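Data file: input-v9.txt. Format and content: compact mmCIF, C-alpha atoms and all ligand atoms.
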# COMPACT_ATOMS: atom_id res chain seq x y z
CA MET A 1 -9.53 16.92 34.27
CA GLU A 2 -9.09 15.58 30.69
CA PRO A 3 -10.48 17.92 27.99
CA TYR A 4 -13.77 16.65 26.55
CA THR A 5 -13.19 14.84 23.25
CA PRO A 6 -16.34 14.20 21.23
CA ALA A 7 -16.84 10.65 19.92
CA ARG A 8 -15.49 10.63 16.39
CA ARG A 9 -17.77 8.68 14.16
CA VAL A 10 -18.08 8.10 10.40
CA LEU A 11 -21.35 7.34 8.65
CA VAL A 12 -20.77 5.86 5.21
CA ALA A 13 -23.67 6.08 2.79
CA LYS A 14 -24.74 3.03 0.82
CA PRO A 15 -25.31 2.88 -2.09
CA ARG A 16 -22.36 4.99 -3.18
CA GLY A 17 -19.73 4.84 -5.92
CA TYR A 18 -19.86 2.91 -9.17
CA CYS A 19 -23.21 2.54 -10.90
CA ALA A 20 -23.96 -0.09 -13.50
CA GLY A 21 -23.35 2.31 -16.41
CA VAL A 22 -19.91 3.38 -15.16
CA ASP A 23 -18.91 -0.17 -14.35
CA ARG A 24 -19.80 -1.20 -17.89
CA ALA A 25 -18.04 1.75 -19.54
CA VAL A 26 -14.79 1.26 -17.63
CA GLU A 27 -14.87 -2.48 -18.27
CA ALA A 28 -15.52 -1.80 -21.96
CA VAL A 29 -12.24 0.17 -22.23
CA GLU A 30 -10.33 -2.46 -20.24
CA LYS A 31 -11.71 -5.29 -22.36
CA ALA A 32 -11.09 -3.33 -25.57
CA LEU A 33 -7.44 -2.90 -24.52
CA ASP A 34 -7.19 -6.66 -23.88
CA GLN A 35 -8.97 -7.58 -27.10
CA TYR A 36 -7.51 -5.15 -29.63
CA GLY A 37 -4.31 -3.99 -27.85
CA ALA A 38 -3.16 -0.43 -27.09
CA PRO A 39 -3.73 2.24 -28.07
CA ILE A 40 -7.49 2.47 -27.73
CA TYR A 41 -8.91 5.93 -28.29
CA VAL A 42 -11.69 7.19 -26.05
CA ARG A 43 -13.79 10.21 -27.00
CA LYS A 44 -14.07 12.45 -23.90
CA GLN A 45 -13.52 11.11 -20.42
CA ILE A 46 -15.03 7.63 -20.36
CA VAL A 47 -16.61 8.61 -17.02
CA HIS A 48 -16.11 11.86 -15.12
CA ASN A 49 -13.38 10.73 -12.75
CA THR A 50 -9.76 11.83 -12.86
CA HIS A 51 -8.40 8.67 -11.25
CA VAL A 52 -10.25 6.34 -13.58
CA VAL A 53 -8.98 8.28 -16.59
CA ARG A 54 -5.36 8.22 -15.35
CA THR A 55 -5.50 4.49 -14.63
CA LEU A 56 -6.83 3.73 -18.12
CA GLU A 57 -4.25 6.05 -19.68
CA ALA A 58 -1.51 4.07 -17.94
CA ARG A 59 -2.90 0.92 -19.63
CA GLY A 60 -2.82 2.48 -23.10
CA ALA A 61 -6.07 4.41 -23.53
CA ILE A 62 -5.74 7.78 -25.29
CA PHE A 63 -8.43 10.30 -24.43
CA VAL A 64 -9.42 12.78 -27.12
CA GLU A 65 -12.02 15.50 -27.31
CA GLU A 66 -13.29 14.78 -30.82
CA THR A 67 -13.21 11.92 -33.31
CA GLU A 68 -11.14 14.03 -35.73
CA GLU A 69 -8.18 13.50 -33.37
CA VAL A 70 -8.42 9.72 -33.84
CA PRO A 71 -6.27 8.27 -36.66
CA GLU A 72 -8.33 6.84 -39.55
CA GLY A 73 -9.24 3.19 -39.07
CA ALA A 74 -8.44 3.18 -35.32
CA ILE A 75 -10.77 2.02 -32.56
CA VAL A 76 -12.64 4.64 -30.55
CA VAL A 77 -14.82 4.12 -27.49
CA PHE A 78 -17.71 6.50 -26.89
CA SER A 79 -18.16 7.48 -23.24
CA ALA A 80 -20.97 6.56 -20.83
CA HIS A 81 -22.50 10.03 -21.36
CA GLY A 82 -23.53 9.27 -24.92
CA VAL A 83 -22.99 11.05 -28.23
CA ALA A 84 -25.13 12.82 -30.79
CA PRO A 85 -25.85 11.00 -34.09
CA SER A 86 -23.51 13.47 -35.83
CA VAL A 87 -20.60 11.96 -33.86
CA HIS A 88 -21.47 8.48 -35.15
CA ASP A 89 -21.53 9.97 -38.66
CA GLU A 90 -18.13 11.61 -38.21
CA ALA A 91 -16.66 8.35 -36.93
CA ALA A 92 -18.08 6.46 -39.91
CA ALA A 93 -16.67 9.06 -42.32
CA ARG A 94 -13.21 8.49 -40.82
CA GLN A 95 -13.70 4.72 -40.95
CA LEU A 96 -13.23 4.41 -37.22
CA ARG A 97 -14.20 1.21 -35.48
CA THR A 98 -16.46 2.21 -32.61
CA VAL A 99 -17.37 0.71 -29.26
CA ASP A 100 -20.35 2.56 -27.88
CA ALA A 101 -20.21 2.59 -24.06
CA THR A 102 -23.19 4.96 -23.75
CA CYS A 103 -25.08 3.98 -20.60
CA PRO A 104 -28.32 2.20 -21.58
CA LEU A 105 -30.20 4.63 -19.32
CA VAL A 106 -28.85 7.54 -21.35
CA THR A 107 -29.82 5.71 -24.55
CA LYS A 108 -33.34 5.42 -23.11
CA VAL A 109 -33.54 9.24 -22.91
CA HIS A 110 -32.19 9.52 -26.49
CA ASN A 111 -34.95 7.16 -27.64
CA GLU A 112 -37.61 9.20 -25.84
CA ALA A 113 -36.27 12.35 -27.52
CA LYS A 114 -36.44 10.70 -30.96
CA ARG A 115 -39.96 9.39 -30.35
CA PHE A 116 -41.38 12.74 -29.23
CA ALA A 117 -39.55 14.61 -31.98
CA ALA A 118 -41.02 12.22 -34.56
CA LYS A 119 -44.48 13.20 -33.25
CA ASP A 120 -43.46 16.85 -33.60
CA TYR A 121 -43.57 17.73 -29.88
CA ASP A 122 -41.54 20.54 -28.37
CA ILE A 123 -39.13 18.87 -25.95
CA LEU A 124 -37.90 20.74 -22.87
CA LEU A 125 -34.68 19.06 -21.80
CA ILE A 126 -33.82 19.90 -18.18
CA GLY A 127 -30.06 19.73 -17.76
CA HIS A 128 -26.78 21.57 -17.42
CA GLU A 129 -25.60 23.59 -20.37
CA GLY A 130 -22.39 22.22 -21.87
CA HIS A 131 -22.66 18.79 -20.19
CA GLU A 132 -21.74 16.03 -22.64
CA GLU A 133 -24.88 14.04 -21.93
CA VAL A 134 -27.09 17.02 -22.70
CA GLU A 135 -25.19 17.68 -25.95
CA GLY A 136 -25.67 14.06 -26.98
CA THR A 137 -29.39 13.98 -26.20
CA ALA A 138 -30.06 17.38 -27.78
CA GLY A 139 -28.22 16.21 -30.89
CA GLU A 140 -30.93 13.59 -31.48
CA ALA A 141 -33.46 16.26 -32.43
CA PRO A 142 -31.89 19.72 -32.26
CA GLU A 143 -34.84 21.37 -33.97
CA HIS A 144 -37.29 20.07 -31.33
CA ILE A 145 -35.24 20.33 -28.14
CA GLN A 146 -34.71 23.36 -25.90
CA LEU A 147 -32.44 23.19 -22.89
CA VAL A 148 -33.86 24.30 -19.55
CA ASP A 149 -30.90 24.82 -17.23
CA GLY A 150 -32.65 24.85 -13.85
CA LEU A 151 -35.32 27.22 -12.55
CA ASP A 152 -33.70 30.24 -14.19
CA GLY A 153 -34.19 28.67 -17.59
CA VAL A 154 -37.96 28.28 -17.26
CA ASP A 155 -38.91 31.82 -18.26
CA GLN A 156 -36.83 31.72 -21.43
CA VAL A 157 -38.73 28.78 -22.92
CA SER A 158 -41.05 29.42 -25.84
CA VAL A 159 -43.06 26.67 -27.51
CA ARG A 160 -45.11 26.40 -30.67
CA ASP A 161 -48.16 24.69 -29.15
CA PRO A 162 -48.54 24.57 -25.32
CA ASN A 163 -50.58 21.38 -25.68
CA ARG A 164 -47.75 19.48 -27.34
CA VAL A 165 -44.87 19.89 -24.92
CA VAL A 166 -42.96 17.21 -23.05
CA TRP A 167 -40.10 17.46 -20.56
CA LEU A 168 -37.13 15.12 -20.41
CA SER A 169 -34.00 15.39 -18.30
CA GLN A 170 -30.34 14.67 -17.86
CA THR A 171 -29.89 11.46 -15.83
CA THR A 172 -27.73 12.96 -13.06
CA LEU A 173 -29.72 15.92 -11.76
CA SER A 174 -30.91 16.73 -8.26
CA VAL A 175 -34.26 14.98 -7.83
CA ASP A 176 -35.64 17.80 -5.64
CA GLU A 177 -34.49 20.63 -7.90
CA THR A 178 -35.86 18.91 -10.97
CA THR A 179 -39.25 18.46 -9.30
CA GLU A 180 -39.24 22.20 -8.62
CA THR A 181 -38.24 23.04 -12.20
CA VAL A 182 -40.98 20.79 -13.58
CA SER A 183 -43.66 22.38 -11.40
CA ARG A 184 -42.53 25.82 -12.54
CA LEU A 185 -42.71 24.63 -16.16
CA ARG A 186 -46.17 23.21 -15.49
CA GLU A 187 -47.34 26.60 -14.21
CA ARG A 188 -46.45 27.93 -17.65
CA PHE A 189 -47.65 24.86 -19.58
CA PRO A 190 -50.42 23.09 -17.63
CA ASN A 191 -50.64 20.29 -20.23
CA LEU A 192 -46.93 19.53 -20.03
CA ILE A 193 -46.35 15.81 -20.59
CA ASP A 194 -44.11 13.77 -18.26
CA PRO A 195 -41.50 11.36 -19.63
CA PRO A 196 -42.77 7.77 -19.89
CA SER A 197 -40.45 6.81 -17.00
CA ASP A 198 -37.98 8.67 -14.76
CA ASP A 199 -35.02 10.08 -16.68
CA ILE A 200 -33.01 10.74 -13.52
CA CYS A 201 -31.47 7.31 -13.18
CA TYR A 202 -31.76 4.86 -10.30
CA ALA A 203 -28.11 5.41 -9.29
CA THR A 204 -28.47 9.19 -9.05
CA SER A 205 -31.66 9.03 -6.99
CA ASN A 206 -30.40 6.22 -4.74
CA ARG A 207 -27.15 8.06 -3.95
CA GLN A 208 -29.09 11.23 -3.17
CA ALA A 209 -31.51 9.33 -0.91
CA ALA A 210 -28.55 7.73 0.89
CA VAL A 211 -26.74 11.02 1.48
CA LYS A 212 -29.95 12.58 2.83
CA GLN A 213 -30.01 9.82 5.43
CA ILE A 214 -26.49 10.51 6.75
CA ALA A 215 -26.47 14.30 6.29
CA ALA A 216 -28.93 14.90 9.11
CA GLU A 217 -26.54 13.29 11.62
CA SER A 218 -23.25 14.63 10.23
CA GLN A 219 -21.61 17.97 10.83
CA LEU A 220 -19.48 17.43 7.74
CA VAL A 221 -20.16 15.33 4.63
CA ILE A 222 -17.23 14.44 2.40
CA VAL A 223 -18.24 13.50 -1.13
CA VAL A 224 -15.58 11.68 -3.13
CA GLY A 225 -15.82 12.68 -6.77
CA SER A 226 -14.29 14.85 -9.47
CA GLY A 227 -15.21 18.47 -10.10
CA ASN A 228 -16.74 17.72 -13.51
CA SER A 229 -19.00 14.96 -12.19
CA SER A 230 -22.58 16.20 -12.19
CA ASN A 231 -23.96 13.52 -9.87
CA SER A 232 -21.11 14.03 -7.36
CA LYS A 233 -21.67 17.80 -7.24
CA ARG A 234 -25.38 17.22 -6.63
CA LEU A 235 -24.49 15.04 -3.59
CA VAL A 236 -22.68 18.00 -2.00
CA GLU A 237 -25.73 20.22 -2.51
CA VAL A 238 -28.13 17.58 -1.19
CA ALA A 239 -25.95 16.98 1.90
CA LYS A 240 -26.05 20.70 2.76
CA ASP A 241 -29.78 20.93 2.08
CA TYR A 242 -30.45 17.99 4.41
CA GLY A 243 -28.61 19.13 7.51
CA ALA A 244 -24.83 18.89 7.10
CA ALA A 245 -23.19 22.12 8.27
CA ALA A 246 -20.52 21.66 5.62
CA SER A 247 -19.91 19.42 2.66
CA TYR A 248 -16.94 19.20 0.31
CA LEU A 249 -16.16 17.41 -2.92
CA VAL A 250 -12.73 15.75 -2.92
CA ASP A 251 -11.00 13.84 -5.70
CA ASP A 252 -9.24 11.73 -3.06
CA ALA A 253 -8.06 11.77 0.56
CA SER A 254 -5.20 14.18 -0.16
CA PHE A 255 -7.75 16.96 -0.75
CA ILE A 256 -9.09 16.80 2.83
CA GLN A 257 -8.01 19.79 4.90
CA ASP A 258 -7.35 19.14 8.60
CA GLU A 259 -9.28 22.23 9.69
CA TRP A 260 -12.50 20.81 8.19
CA LEU A 261 -12.40 18.24 11.00
CA ASP A 262 -11.94 20.68 13.89
CA GLY A 263 -14.71 20.20 16.45
CA VAL A 264 -16.51 17.68 14.25
CA GLY A 265 -17.92 14.58 15.94
CA THR A 266 -19.57 12.84 13.00
CA VAL A 267 -18.40 12.86 9.40
CA GLY A 268 -20.56 11.50 6.61
CA VAL A 269 -18.85 9.95 3.59
CA THR A 270 -20.23 9.10 0.19
CA SER A 271 -19.03 8.99 -3.41
CA GLY A 272 -20.35 9.76 -6.86
CA ALA A 273 -21.37 7.17 -9.42
CA SER A 274 -18.01 7.30 -11.22
CA VAL A 275 -15.80 6.80 -8.15
CA PRO A 276 -13.82 3.60 -7.49
CA GLU A 277 -14.21 2.29 -3.94
CA GLU A 278 -10.46 2.43 -3.25
CA LEU A 279 -10.73 6.24 -3.14
CA VAL A 280 -13.36 5.99 -0.40
CA ASP A 281 -11.08 3.55 1.46
CA GLY A 282 -8.34 6.19 1.29
CA VAL A 283 -10.67 8.79 2.80
CA LEU A 284 -11.63 6.42 5.62
CA ARG A 285 -7.94 5.75 6.36
CA ARG A 286 -7.27 9.48 6.47
CA LEU A 287 -10.22 10.03 8.82
CA ALA A 288 -9.01 7.17 11.05
CA GLU A 289 -5.68 9.00 11.45
CA HIS A 290 -7.73 11.83 12.97
CA GLY A 291 -9.52 9.56 15.43
CA PHE A 292 -12.57 8.78 13.31
CA THR A 293 -12.42 5.06 13.92
CA ASP A 294 -16.07 4.29 14.67
CA VAL A 295 -17.29 3.56 11.13
CA GLU A 296 -20.90 2.66 10.39
CA GLU A 297 -22.39 1.96 6.97
CA VAL A 298 -25.93 3.27 6.52
CA GLU A 299 -27.75 1.40 3.75
CA THR A 300 -30.93 2.89 2.35
CA VAL A 301 -31.53 0.61 -0.64
CA LYS A 302 -29.93 -2.47 -2.19
CA GLU A 303 -28.74 -2.19 -5.78
CA SER A 304 -28.33 -5.11 -8.14
CA MET A 305 -28.41 -3.46 -11.58
CA ARG A 306 -25.90 -4.77 -14.16
CA PHE A 307 -25.55 -4.02 -17.86
CA ALA A 308 -24.02 -6.26 -20.51
CA LEU A 309 -20.95 -4.97 -22.34
CA PRO A 310 -21.53 -3.11 -25.65
CA HIS A 311 -22.67 -5.65 -28.25
CA GLU A 312 -19.85 -4.94 -30.75
CA LEU A 313 -17.29 -5.76 -28.06
CA ARG A 314 -19.18 -8.87 -26.90
CA ARG A 315 -19.28 -10.07 -30.51
CA ASP A 316 -15.48 -9.72 -30.90
CA LEU A 317 -14.78 -11.26 -27.49
CA ARG A 318 -17.00 -14.24 -28.39
CA ALA A 319 -15.29 -14.64 -31.77
CA SER A 320 -11.84 -14.64 -30.11
CA SER A 321 -12.79 -17.17 -27.48
CA ALA A 322 -14.29 -19.46 -30.17
CA SER A 323 -11.15 -19.38 -32.33
S1 LIG B 401 -25.19 7.70 -13.43
FE1 LIG B 401 -26.99 6.64 -14.19
S2 LIG B 401 -27.16 7.23 -16.35
FE2 LIG B 401 -25.09 7.76 -15.66
S3 LIG B 401 -23.87 5.99 -16.18
FE3 LIG B 401 -24.57 5.66 -14.08
S4 LIG B 401 -26.48 4.46 -14.31
FE4 LIG B 401 -26.00 5.35 -16.29
The structure given in the file should be rewritten as structure tokens.
Amino acid sequence: MEPYTPARRVLVAKPRGYCAGVDRAVEAVEKALDQYGAPIYVRKQIVHNTHVVRTLEARGAIFVEETEEVPEGAIVVFSAHGVAPSVHDEAAARQLRTVDATCPLVTKVHNEAKRFAAKDYDILLIGHEGHEEVEGTAGEAPEHIQLVDGLDGVDQVSVRDPNRVVWLSQTTLSVDETTETVSRLRERFPNLIDPPSDDICYATSNRQAAVKQIAAESQLVIVVGSGNSSNSKRLVEVAKDYGAAASYLVDDASFIQDEWLDGVGTVGVTSGASVPEELVDGVLRRLAEHGFTDVEEVETVKESMRFALPHELRRDLRASSAS
């Protein structure tokens, strides 16, 4: 009698991969290279994905940590994660020409921070210490903002007036964990004010909702994404919380270990908001080599969000096409 071989199935979450903010930021660097020529400097990784960074480097982008590494007068692109006002000031002092690829949904959080700081509120910013987005947002009003890094951070918070406290958040957090952190904060500050609209962005929450859907039916969930990508790491946690026995983050197919697939009948696949689809295709090809040929896409919500390129770039592109 033939040994029993379980049906090998792949459930692919949708939406997955590029969000509107990443798409815009990557296109901004590509268009800047076309418009101004190489090299184009980019402060920090334009988006948190190793492959995207390498591809842009091959086209002539130079990634730097700080504006002081950019030669005076050169062009520098600010990443999708946003920058503090002090970074704009430093760039101006060095006479750099800037293209600001900050995601508009990050800018929205910056604007909320400025508005509440102007009204002298204490702002509790839920986010991960050291993340670029958090540094940028906190830099808008450092004297008003305290970072709350998850549940453990709640007890350390101290405010001037418990009736004038608002919470804001990083855009790429776990929706469930943030809800928990906020209710813990509200136990301490019952009059805590909510942000005017969700700070966790549509792409983060949609990708988490989609992975929840496939995790329940998958023994293993593979999340394509880089180790420094906050939203990708959250997808691994959510997959485990929602029923997957195991979940791993992989930069690409070469990171998949054969033993992960032993005895597995259904593998779930998704990718973070900064991941090009070709990397998911590579994972599906690798899985097919192991007999996972029954591939089904599970769509939880349709996305149609698009953002226009940064205005300074659009202006120069328009001027070139007119001349
Ligand atoms: S994950 Fe959300 S906030 Fe970040 S770039 Fe994408 S759309 Fe913008």
Quiz item: If you measure from atom CA of A:Asp262 to atom CA of A:Val223, what distance in Å do you get, rounded to one decimal?
Solution: 17.8 Å
Within 12 Å of stretch 128-139 of chain A, which residues of stretch 30-51 of chain A come that close, and what is the closest atom pair and distance in Å for each? Count all atoms listed in the file and give it as a Markdown table.
| residue | atom | partner | partner_atom | distance |
| --- | --- | --- | --- | --- |
| A:Arg43 | CA | A:Glu132 | CA | 10.8 |
| A:Lys44 | CA | A:Glu132 | CA | 8.6 |
| A:Gln45 | CA | A:Glu132 | CA | 9.8 |
| A:Ile46 | CA | A:Glu132 | CA | 11.0 |
| A:Val47 | CA | A:Glu132 | CA | 10.6 |
| A:His48 | CA | A:Glu132 | CA | 10.3 |
Since we have the selection now, will you write its residues out, keeping C-alpha atoms, as a PDB file, keeping the file's coordinate frame?
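Result went into again.pdb, see below:
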ATOM      1  CA  ARG A  43     -13.790  10.210 -27.000  1.00  0.00           C
ATOM      2  CA  LYS A  44     -14.070  12.450 -23.900  1.00  0.00           C
ATOM      3  CA  GLN A  45     -13.520  11.110 -20.420  1.00  0.00           C
ATOM      4  CA  ILE A  46     -15.030   7.630 -20.360  1.00  0.00           C
ATOM      5  CA  VAL A  47     -16.610   8.610 -17.020  1.00  0.00           C
ATOM      6  CA  HIS A  48     -16.110  11.860 -15.120  1.00  0.00           C
TER       7      HIS A  48
END
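Taking only C-alpha atoms and all ligand atoms into account, ligand LIG 401 (chain B) lies nearest to A:Lys108 out of the set A:Arg97, A:Lys108, A:Arg286, A:Lys212.
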Practice problem: Give as number ranges by chain the residues surrounding ligand LIG 401 (chain B) up to a distance of 10 Å, considering all atoms listed in the file. | Solution: A: 17-25, 46-48, 79-82, 101-109, 133, 170-173, 199-205, 207, 229-232, 272-274, 305-307
Quiz item: Quick one: residues within 9 Å of stretch 151-161 of chain A, all atoms listed in the file counted, chain neighbours fewer than 6 positions away excluded, as a PyMOL selection string?
Solution: chain A and resi 121-124+126+177-178+180-182+184-185+188
Practice problem: Would you please work out which residue, of A:Ile256, A:Ala209, A:Ile145, A:Leu220, is nearest to A:Val238 when using only C-alpha atoms? | Solution: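 For A:Val238, the nearest of the given residues is A:Ala209.
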Quiz item: Which of these, A:Val53, A:Leu249, A:Leu192, A:Ala322, has the shortest distance to A:Leu168 once you count all atoms listed in the file?
Solution: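 Among the listed residues, A:Leu192 lies closest to A:Leu168.
Put simply, atom CA of A:His110 is 23.4 Å away from atom CA of A:Lys233.
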Exercise. Tell me which of A:Ser320, A:Ser247, A:Asn206, A:Gln95 sits closest to A:Pro15, counting only C-alpha atoms.
Key: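 Selected residue with least distance to A:Pro15: A:Asn206.
With distances taken over all atoms listed in the file, A:Ile75 is the one residue among A:Val211, A:Ile75, A:Trp260, A:Thr270 lying closest to A:Gln35.
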Practice problem: Between atom CA of A:Arg315 and atom CA of A:Arg94, measure the distance and give it in Å to one decimal. | Solution: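 Going from atom CA of A:Arg315 over to atom CA of A:Arg94, I get 22.1 Å.
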Quiz item: Pick from A:Val12, A:Val64, A:Ala141, A:Ala118: nearest to A:Thr300, with only C-alpha atoms counted?
Solution: A:Val12
Tell me, as a PDB file with C-alpha atoms, in the coordinates of the input, which residues lie within 8 Å of A:Leu11, counting only C-alpha atoms; anything in the same chain fewer than 6 positions away does not count.
ATOM      1  CA  ILE A 214     -26.490  10.510   6.750  1.00  0.00           C
ATOM      2  CA  SER A 218     -23.250  14.630  10.230  1.00  0.00           C
ATOM      3  CA  THR A 266     -19.570  12.840  13.000  1.00  0.00           C
ATOM      4  CA  VAL A 267     -18.400  12.860   9.400  1.00  0.00           C
ATOM      5  CA  GLY A 268     -20.560  11.500   6.610  1.00  0.00           C
ATOM      6  CA  VAL A 269     -18.850   9.950   3.590  1.00  0.00           C
ATOM      7  CA  VAL A 295     -17.290   3.560  11.130  1.00  0.00           C
ATOM      8  CA  GLU A 296     -20.900   2.660  10.390  1.00  0.00           C
ATOM      9  CA  GLU A 297     -22.390   1.960   6.970  1.00  0.00           C
ATOM     10  CA  VAL A 298     -25.930   3.270   6.520  1.00  0.00           C
TER      11      VAL A 298
END
Save stretch 51-108 of chain A to a file: C-alpha atoms, as a short mmCIF file (atom, residue, chain, number, x, y, z; two decimals), in the first residue's frame.
data_model
loop_
_atom_site.label_atom_id
_atom_site.label_comp_id
_atom_site.auth_asym_id
_atom_site.auth_seq_id
_atom_site.Cartn_x
_atom_site.Cartn_y
_atom_site.Cartn_z
CA HIS A 51 15.81 43.43 -2.07
CA VAL A 52 14.28 46.79 -2.86
CA VAL A 53 17.33 48.57 -1.46
CA ARG A 54 19.76 46.40 -3.46
CA THR A 55 17.80 46.90 -6.68
CA LEU A 56 17.81 50.69 -6.25
CA GLU A 57 21.51 50.65 -5.35
CA ALA A 58 22.21 48.86 -8.63
CA ARG A 59 20.46 51.74 -10.43
CA GLY A 60 22.56 54.40 -8.71
CA ALA A 61 20.89 55.17 -5.38
CA ILE A 62 23.26 55.66 -2.44
CA PHE A 63 21.77 54.91 0.96
CA VAL A 64 23.08 56.90 3.92
CA GLU A 65 22.16 57.02 7.57
CA GLU A 66 22.24 60.79 8.01
CA THR A 67 22.12 63.89 5.83
CA GLU A 68 25.66 64.84 6.91
CA GLU A 69 26.90 61.99 4.68
CA VAL A 70 25.33 63.62 1.62
CA PRO A 71 27.60 65.98 -0.36
CA GLU A 72 26.50 69.64 -0.21
CA GLY A 73 24.04 70.57 -2.94
CA ALA A 74 23.18 66.93 -3.81
CA ILE A 75 19.69 65.46 -3.98
CA VAL A 76 18.45 63.40 -1.05
CA VAL A 77 15.22 61.42 -0.78
CA PHE A 78 13.61 61.02 2.62
CA SER A 79 12.18 57.54 3.24
CA ALA A 80 8.54 56.46 3.56
CA HIS A 81 8.94 56.35 7.36
CA GLY A 82 9.22 60.12 7.66
CA VAL A 83 11.73 62.42 9.32
CA ALA A 84 11.76 64.85 12.22
CA PRO A 85 11.74 68.60 11.42
CA SER A 86 15.37 68.75 12.59
CA VAL A 87 16.33 66.55 9.61
CA HIS A 88 14.69 69.02 7.21
CA ASP A 89 16.67 71.78 8.95
CA GLU A 90 19.95 69.87 8.61
CA ALA A 91 19.27 69.26 4.92
CA ALA A 92 18.53 72.95 4.37
CA ALA A 93 21.73 73.95 6.19
CA ARG A 94 23.71 71.73 3.80
CA GLN A 95 21.80 73.13 0.82
CA LEU A 96 20.56 69.70 -0.14
CA ARG A 97 17.73 69.37 -2.61
CA THR A 98 15.15 67.13 -0.99
CA VAL A 99 12.43 64.81 -2.23
CA ASP A 100 10.22 63.88 0.68
CA ALA A 101 8.81 60.37 0.16
CA THR A 102 7.24 60.25 3.64
CA CYS A 103 4.02 58.24 3.36
CA PRO A 104 1.03 60.62 3.56
CA LEU A 105 -0.40 58.39 6.31
CA VAL A 106 2.73 58.96 8.39
CA THR A 107 2.46 62.70 7.69
CA LYS A 108 -1.11 62.52 9.01
#
